[in-house]
file start_18.cif (mmCIF, C-alpha atoms, pLDDT in the B column; chains and numbers go by the auth columns)
data_target
loop_
_atom_site.group_PDB
_atom_site.id
_atom_site.type_symbol
_atom_site.label_atom_id
_atom_site.label_comp_id
_atom_site.label_asym_id
_atom_site.label_seq_id
_atom_site.Cartn_x
_atom_site.Cartn_y
_atom_site.Cartn_z
_atom_site.B_iso_or_equiv
_atom_site.auth_seq_id
_atom_site.auth_asym_id
ATOM 1 C CA MET A 1 31.800 79.947 33.784 47.00 1344 A
ATOM 2 C CA ARG A 2 32.973 78.934 30.339 47.00 1345 A
ATOM 3 C CA MET A 3 35.460 76.461 31.844 44.00 1346 A
ATOM 4 C CA MET A 4 32.696 74.874 33.943 42.00 1347 A
ATOM 5 C CA LEU A 5 30.551 74.465 30.835 39.00 1348 A
ATOM 6 C CA ILE A 6 33.406 72.849 28.909 45.00 1349 A
ATOM 7 C CA ALA A 7 34.233 70.586 31.866 40.00 1350 A
ATOM 8 C CA GLY A 8 30.573 69.554 32.077 43.00 1351 A
ATOM 9 C CA MET A 9 30.507 68.739 28.382 41.00 1352 A
ATOM 10 C CA VAL A 10 33.666 66.629 28.691 41.00 1353 A
ATOM 11 C CA VAL A 11 32.239 64.699 31.657 40.00 1354 A
ATOM 12 C CA ALA A 12 28.931 64.166 29.803 40.00 1355 A
ATOM 13 C CA ALA A 13 30.747 62.960 26.685 40.00 1356 A
ATOM 14 C CA GLY A 14 32.799 60.505 28.759 41.00 1357 A
ATOM 15 C CA ALA A 15 29.662 59.153 30.434 40.00 1358 A
ATOM 16 C CA ALA A 16 27.957 58.710 27.083 45.00 1359 A
ATOM 17 C CA GLN A 17 30.924 56.704 25.782 55.00 1360 A
ATOM 18 C CA ALA A 18 31.180 54.452 28.833 69.00 1361 A
ATOM 19 C CA LYS A 19 29.432 51.179 28.117 86.00 1362 A
ATOM 20 C CA GLN A 20 28.020 49.059 30.854 91.00 1363 A
ATOM 21 C CA ASP A 21 29.078 45.439 31.062 92.00 1364 A
ATOM 22 C CA LEU A 22 26.902 43.290 28.797 94.00 1365 A
ATOM 23 C CA LYS A 23 25.924 41.174 31.802 93.00 1366 A
ATOM 24 C CA ASP A 24 24.210 44.296 33.145 95.00 1367 A
ATOM 25 C CA VAL A 25 22.087 44.763 30.004 96.00 1368 A
ATOM 26 C CA PRO A 26 18.842 42.978 30.963 96.00 1369 A
ATOM 27 C CA SER A 27 17.679 42.261 27.421 95.00 1370 A
ATOM 28 C CA VAL A 28 21.013 40.634 26.562 96.00 1371 A
ATOM 29 C CA TRP A 29 21.451 38.696 29.806 96.00 1372 A
ATOM 30 C CA ASN A 30 17.827 37.556 30.058 97.00 1373 A
ATOM 31 C CA GLY A 31 17.667 36.730 26.361 96.00 1374 A
ATOM 32 C CA LEU A 32 20.664 34.430 26.626 96.00 1375 A
ATOM 33 C CA LEU A 33 19.401 32.997 29.918 97.00 1376 A
ATOM 34 C CA ASN A 34 16.041 32.133 28.342 97.00 1377 A
ATOM 35 C CA ILE A 35 17.744 30.464 25.397 97.00 1378 A
ATOM 36 C CA GLY A 36 19.887 28.433 27.799 96.00 1379 A
ATOM 37 C CA ILE A 37 16.894 27.325 29.870 98.00 1380 A
ATOM 38 C CA ALA A 38 14.953 26.358 26.757 98.00 1381 A
ATOM 39 C CA ASN A 39 17.958 24.380 25.531 97.00 1382 A
ATOM 40 C CA GLU A 40 18.255 22.537 28.854 97.00 1383 A
ATOM 41 C CA ILE A 41 14.557 21.645 28.710 98.00 1384 A
ATOM 42 C CA ARG A 42 14.677 20.359 25.141 97.00 1385 A
ATOM 43 C CA GLU A 43 17.853 18.337 25.781 97.00 1386 A
ATOM 44 C CA THR A 44 16.344 16.642 28.846 97.00 1387 A
ATOM 45 C CA CYS A 45 12.679 16.248 27.949 98.00 1388 A
ATOM 46 C CA PRO A 46 12.056 13.727 25.153 97.00 1389 A
ATOM 47 C CA SER A 47 8.606 15.122 24.344 98.00 1390 A
ATOM 48 C CA ILE A 48 9.755 18.709 23.739 98.00 1391 A
ATOM 49 C CA SER A 49 11.918 20.005 20.931 98.00 1392 A
ATOM 50 C CA ALA A 50 13.430 23.351 20.046 97.00 1393 A
ATOM 51 C CA ARG A 51 12.167 25.898 17.590 97.00 1394 A
ATOM 52 C CA MET A 52 15.657 26.249 16.157 96.00 1395 A
ATOM 53 C CA VAL A 53 14.846 29.031 13.698 97.00 1396 A
ATOM 54 C CA ARG A 54 13.307 31.129 16.481 97.00 1397 A
ATOM 55 C CA ALA A 55 16.316 30.479 18.693 96.00 1398 A
ATOM 56 C CA ALA A 56 18.718 31.475 15.911 96.00 1399 A
ATOM 57 C CA LEU A 57 16.698 34.620 15.207 97.00 1400 A
ATOM 58 C CA ARG A 58 16.695 35.509 18.906 96.00 1401 A
ATOM 59 C CA LEU A 59 20.460 35.034 19.119 95.00 1402 A
ATOM 60 C CA ASN A 60 20.869 37.227 16.052 96.00 1403 A
ATOM 61 C CA SER A 61 18.671 39.955 17.552 96.00 1404 A
ATOM 62 C CA ILE A 62 20.706 39.903 20.777 96.00 1405 A
ATOM 63 C CA GLN A 63 23.898 40.221 18.726 96.00 1406 A
ATOM 64 C CA ASN A 64 22.431 43.105 16.719 96.00 1407 A
ATOM 65 C CA GLU A 65 21.242 44.848 19.873 96.00 1408 A
ATOM 66 C CA ALA A 66 24.700 44.642 21.445 97.00 1409 A
ATOM 67 C CA GLU A 67 26.328 45.916 18.256 96.00 1410 A
ATOM 68 C CA GLY A 68 23.773 48.735 18.117 96.00 1411 A
ATOM 69 C CA MET A 69 24.797 49.726 21.644 96.00 1412 A
ATOM 70 C CA GLY A 70 28.382 50.103 20.420 96.00 1413 A
ATOM 71 C CA TYR A 71 29.880 46.767 21.465 97.00 1414 A
ATOM 72 C CA SER A 72 32.478 45.307 19.110 95.00 1415 A
ATOM 73 C CA GLN A 73 32.416 41.707 17.967 93.00 1416 A
ATOM 74 C CA ALA A 74 35.464 41.079 20.160 94.00 1417 A
ATOM 75 C CA GLU A 75 33.647 42.458 23.226 95.00 1418 A
ATOM 76 C CA ILE A 76 30.569 40.346 22.483 94.00 1419 A
ATOM 77 C CA ASP A 77 32.694 37.223 22.007 92.00 1420 A
ATOM 78 C CA ALA A 78 34.597 37.895 25.246 94.00 1421 A
ATOM 79 C CA PHE A 79 31.299 38.259 27.115 95.00 1422 A
ATOM 80 C CA ARG A 80 29.912 35.079 25.577 91.00 1423 A
ATOM 81 C CA LYS A 81 33.070 33.026 26.261 94.00 1424 A
ATOM 82 C CA SER A 82 33.670 34.288 29.795 96.00 1425 A
ATOM 83 C CA GLU A 83 33.742 31.374 32.235 97.00 1426 A
ATOM 84 C CA ALA A 84 32.499 33.671 35.016 97.00 1427 A
ATOM 85 C CA ASN A 85 29.489 34.713 32.916 96.00 1428 A
ATOM 86 C CA LYS A 86 28.768 31.100 31.956 96.00 1429 A
ATOM 87 C CA ALA A 87 28.874 30.035 35.606 97.00 1430 A
ATOM 88 C CA ALA A 88 26.636 32.914 36.720 97.00 1431 A
ATOM 89 C CA MET A 89 24.127 32.220 33.964 97.00 1432 A
ATOM 90 C CA ARG A 90 24.089 28.490 34.733 97.00 1433 A
ATOM 91 C CA ALA A 91 23.496 29.206 38.428 98.00 1434 A
ATOM 92 C CA GLU A 92 20.661 31.604 37.630 98.00 1435 A
ATOM 93 C CA GLY A 93 19.114 29.141 35.184 98.00 1436 A
ATOM 94 C CA GLU A 94 19.339 26.268 37.665 97.00 1437 A
ATOM 95 C CA ALA A 95 17.758 28.434 40.366 98.00 1438 A
ATOM 96 C CA TYR A 96 14.897 29.331 38.002 98.00 1439 A
ATOM 97 C CA MET A 97 14.295 25.711 37.099 98.00 1440 A
ATOM 98 C CA LYS A 98 14.465 24.552 40.724 98.00 1441 A
ATOM 99 C CA LYS A 99 12.026 27.299 41.747 98.00 1442 A
ATOM 100 C CA ASN A 100 9.700 25.989 39.035 98.00 1443 A
ATOM 101 C CA GLY A 101 9.782 22.356 40.142 98.00 1444 A
ATOM 102 C CA VAL A 102 12.628 20.902 38.093 98.00 1445 A
ATOM 103 C CA ALA A 103 14.592 18.125 39.782 98.00 1446 A
ATOM 104 C CA LYS A 104 17.929 17.174 38.228 94.00 1447 A
ATOM 105 C CA GLY A 105 17.742 13.750 36.670 91.00 1448 A
ATOM 106 C CA ASP A 106 13.927 13.737 36.490 97.00 1449 A
ATOM 107 C CA ALA A 107 13.042 14.327 32.846 98.00 1450 A
ATOM 108 C CA GLU A 108 9.333 14.661 33.585 98.00 1451 A
ATOM 109 C CA THR A 109 9.962 17.751 35.716 98.00 1452 A
ATOM 110 C CA TYR A 110 11.753 19.368 32.774 98.00 1453 A
ATOM 111 C CA CYS A 111 8.824 18.408 30.559 98.00 1454 A
ATOM 112 C CA ALA A 112 6.346 19.913 33.017 98.00 1455 A
ATOM 113 C CA LEU A 113 8.260 23.198 33.059 98.00 1456 A
ATOM 114 C CA GLY A 114 8.537 23.170 29.276 98.00 1457 A
ATOM 115 C CA ARG A 115 4.807 22.573 28.850 98.00 1458 A
ATOM 116 C CA ALA A 116 4.035 25.356 31.350 98.00 1459 A
ATOM 117 C CA GLU A 117 6.335 27.789 29.514 98.00 1460 A
ATOM 118 C CA ILE A 118 4.771 26.849 26.165 98.00 1461 A
ATOM 119 C CA ALA A 119 1.252 27.275 27.590 98.00 1462 A
ATOM 120 C CA LYS A 120 1.954 30.765 28.867 98.00 1463 A
ATOM 121 C CA SER A 121 3.850 31.675 25.677 97.00 1464 A
ATOM 122 C CA SER A 122 6.799 32.980 27.678 98.00 1465 A
ATOM 123 C CA GLN A 123 10.096 33.858 26.038 97.00 1466 A
ATOM 124 C CA ILE A 124 11.266 30.364 26.970 98.00 1467 A
ATOM 125 C CA GLY A 125 8.051 28.754 25.756 98.00 1468 A
ATOM 126 C CA ARG A 126 8.234 30.455 22.364 97.00 1469 A
ATOM 127 C CA LEU A 127 11.550 28.675 21.791 98.00 1470 A
ATOM 128 C CA LEU A 128 10.016 25.244 22.429 98.00 1471 A
ATOM 129 C CA ARG A 129 7.521 22.913 20.803 97.00 1472 A
ATOM 130 C CA ALA A 130 5.703 19.959 22.356 97.00 1473 A
ATOM 131 C CA ASN A 131 6.123 16.897 20.130 93.00 1474 A
#

call {"tool": "encode", "arguments": {"input": "start_18.cif", "output": "structure tokens"}}
result
Amino acid sequence: MRMMLIAGMVVAAGAAQAKQDLKDVPSVWNGLLNIGIANEIRETCPSISARMVRAALRLNSIQNEAEGMGYSQAEIDAFRKSEANKAAMRAEGEAYMKKNGVAKGDAETYCALGRAEIAKSSQIGRLLRAN
């Protein structure tokens, strides 16, 4: 009985130490995705600009959250620099924009999405400002 209890404690301790991949942490992934979408909108739409301080604060809060979950700076940097993660995030962002009426090369469609996000005060919209 005692051995089963000790074995259970060891298994529980191992599970507690195992960290999930940062791409599987919704607040991290979605936070970075929203920042990327907002950046794409502001780079393409001439009548919308970024709220750079808000974006920097959001990036900082994502960093702090990951560190608070036990991720090292090296792990965070590896996640951020991963080409596979960049490609997956770009694909997800492009799918979101397409679903919301954005057509590549048509700045007005980016502007329309940006204005809609600002109007509903979404996480993306809070990172943007209509000029």

call {"tool": "closest_residue", "arguments": {"input": "start_18.cif", "among": "A:Asp1420, A:Leu1456, A:Glu1451, A:Gly1411", "to": "Gly1468 (chain A)", "atoms": "all atoms listed in the file"}}
result
A:Leu1456

call {"tool": "closest_residue", "arguments": {"input": "start_18.cif", "among": "A:Asn1382, A:Gln1466, A:Thr1452, A:Ser1390", "to": "Ser1370 (chain A)", "atoms": "all atoms listed in the file"}}
result
A:Gln1466

call {"tool": "resolve_selection", "arguments": {"input": "start_18.cif", "expression": "the PyMOL selection byres ((chain A and resi 1388) around 7)", "output": "list of chain:residue names"}}
result
A:Ile1384, A:Arg1385, A:Glu1386, A:Thr1387, A:Pro1389, A:Ser1390, A:Ile1391, A:Ala1450, A:Glu1451, A:Tyr1453, A:Cys1454

call {"tool": "closest_residue", "arguments": {"input": "start_18.cif", "among": "A:Ala1381, A:Ala1431, A:Val1368, A:Ala1438", "to": "Leu1470 (chain A)", "atoms": "all atoms listed in the file"}}
result
A:Ala1381

call {"tool": "resolve_selection", "arguments": {"input": "start_18.cif", "expression": "the PyMOL selection byres ((chain A and resi 1471) around 6)", "output": "short mmCIF file (atom, residue, chain, number, x, y, z; two decimals) with C-alpha atoms, keeping the file's coordinate frame"}}
result
data_model
loop_
_atom_site.label_atom_id
_atom_site.label_comp_id
_atom_site.auth_asym_id
_atom_site.auth_seq_id
_atom_site.Cartn_x
_atom_site.Cartn_y
_atom_site.Cartn_z
CA SER A 1392 11.92 20.00 20.93
CA ALA A 1393 13.43 23.35 20.05
CA ARG A 1394 12.17 25.90 17.59
CA GLY A 1468 8.05 28.75 25.76
CA ARG A 1469 8.23 30.46 22.36
CA LEU A 1470 11.55 28.68 21.79
CA ARG A 1472 7.52 22.91 20.80
#

call {"tool": "closest_residue", "arguments": {"input": "start_18.cif", "among": "A:Gln1406, A:Lys1447, A:Lys1441, A:Glu1383", "to": "Phe1422 (chain A)", "atoms": "all atoms listed in the file"}}
result
A:Gln1406

call {"tool": "closest_residue", "arguments": {"input": "start_18.cif", "among": "A:Ile1419, A:Leu1375, A:Met1412, A:Ala1446", "to": "Ala1399 (chain A)", "atoms": "all atoms listed in the file"}}
result
A:Leu1375

call {"tool": "residues_around", "arguments": {"input": "start_18.cif", "residues": "Lys1429 (chain A)", "least_positions_apart": "6", "cutoff": "12 Å", "atoms": "only C-alpha atoms", "output": "JSON list (two decimals) with C-alpha atoms, in the frame of the given file"}}
result
[["chain", "number", "residue", "atom", "x", "y", "z"],
["A", 1366, "LYS", "CA", 25.92, 41.17, 31.80],
["A", 1372, "TRP", "CA", 21.45, 38.70, 29.81],
["A", 1375, "LEU", "CA", 20.66, 34.43, 26.63],
["A", 1376, "LEU", "CA", 19.40, 33.00, 29.92],
["A", 1379, "GLY", "CA", 19.89, 28.43, 27.80],
["A", 1421, "ALA", "CA", 34.60, 37.90, 25.25],
["A", 1422, "PHE", "CA", 31.30, 38.26, 27.12],
["A", 1423, "ARG", "CA", 29.91, 35.08, 25.58],
["A", 1435, "GLU", "CA", 20.66, 31.60, 37.63],
["A", 1436, "GLY", "CA", 19.11, 29.14, 35.18]]

call {"tool": "axis_aligned_box", "arguments": {"input": "start_18.cif", "around": "region 1367-1372 of chain A", "padding_each_side": "4 Å", "output": "AutoDock Vina command-line options"}}
result
--center_x 20.9 --center_y 41.7 --center_z 29.9 --size_x 14.5 --size_y 14.1 --size_z 14.6

call {"tool": "atom_distance", "arguments": {"input": "start_18.cif", "atom1": "CA of Gly1457 (chain A)", "atom2": "CA of Asn1428 (chain A)"}}
result
24.2 Å

call {"tool": "atom_distance", "arguments": {"input": "start_18.cif", "atom1": "CA of Ala1417 (chain A)", "atom2": "CA of Ala1434 (chain A)"}}
result
24.9 Å

call {"tool": "atom_distance", "arguments": {"input": "start_18.cif", "atom1": "CA of Asn1377 (chain A)", "atom2": "CA of Ile1467 (chain A)"}}
result
5.3 Å

call {"tool": "closest_residue", "arguments": {"input": "start_18.cif", "among": "A:Leu1365, A:Ala1462, A:Ile1380, A:Ala1409", "to": "Glu1437 (chain A)", "atoms": "all atoms listed in the file"}}
result
A:Ile1380
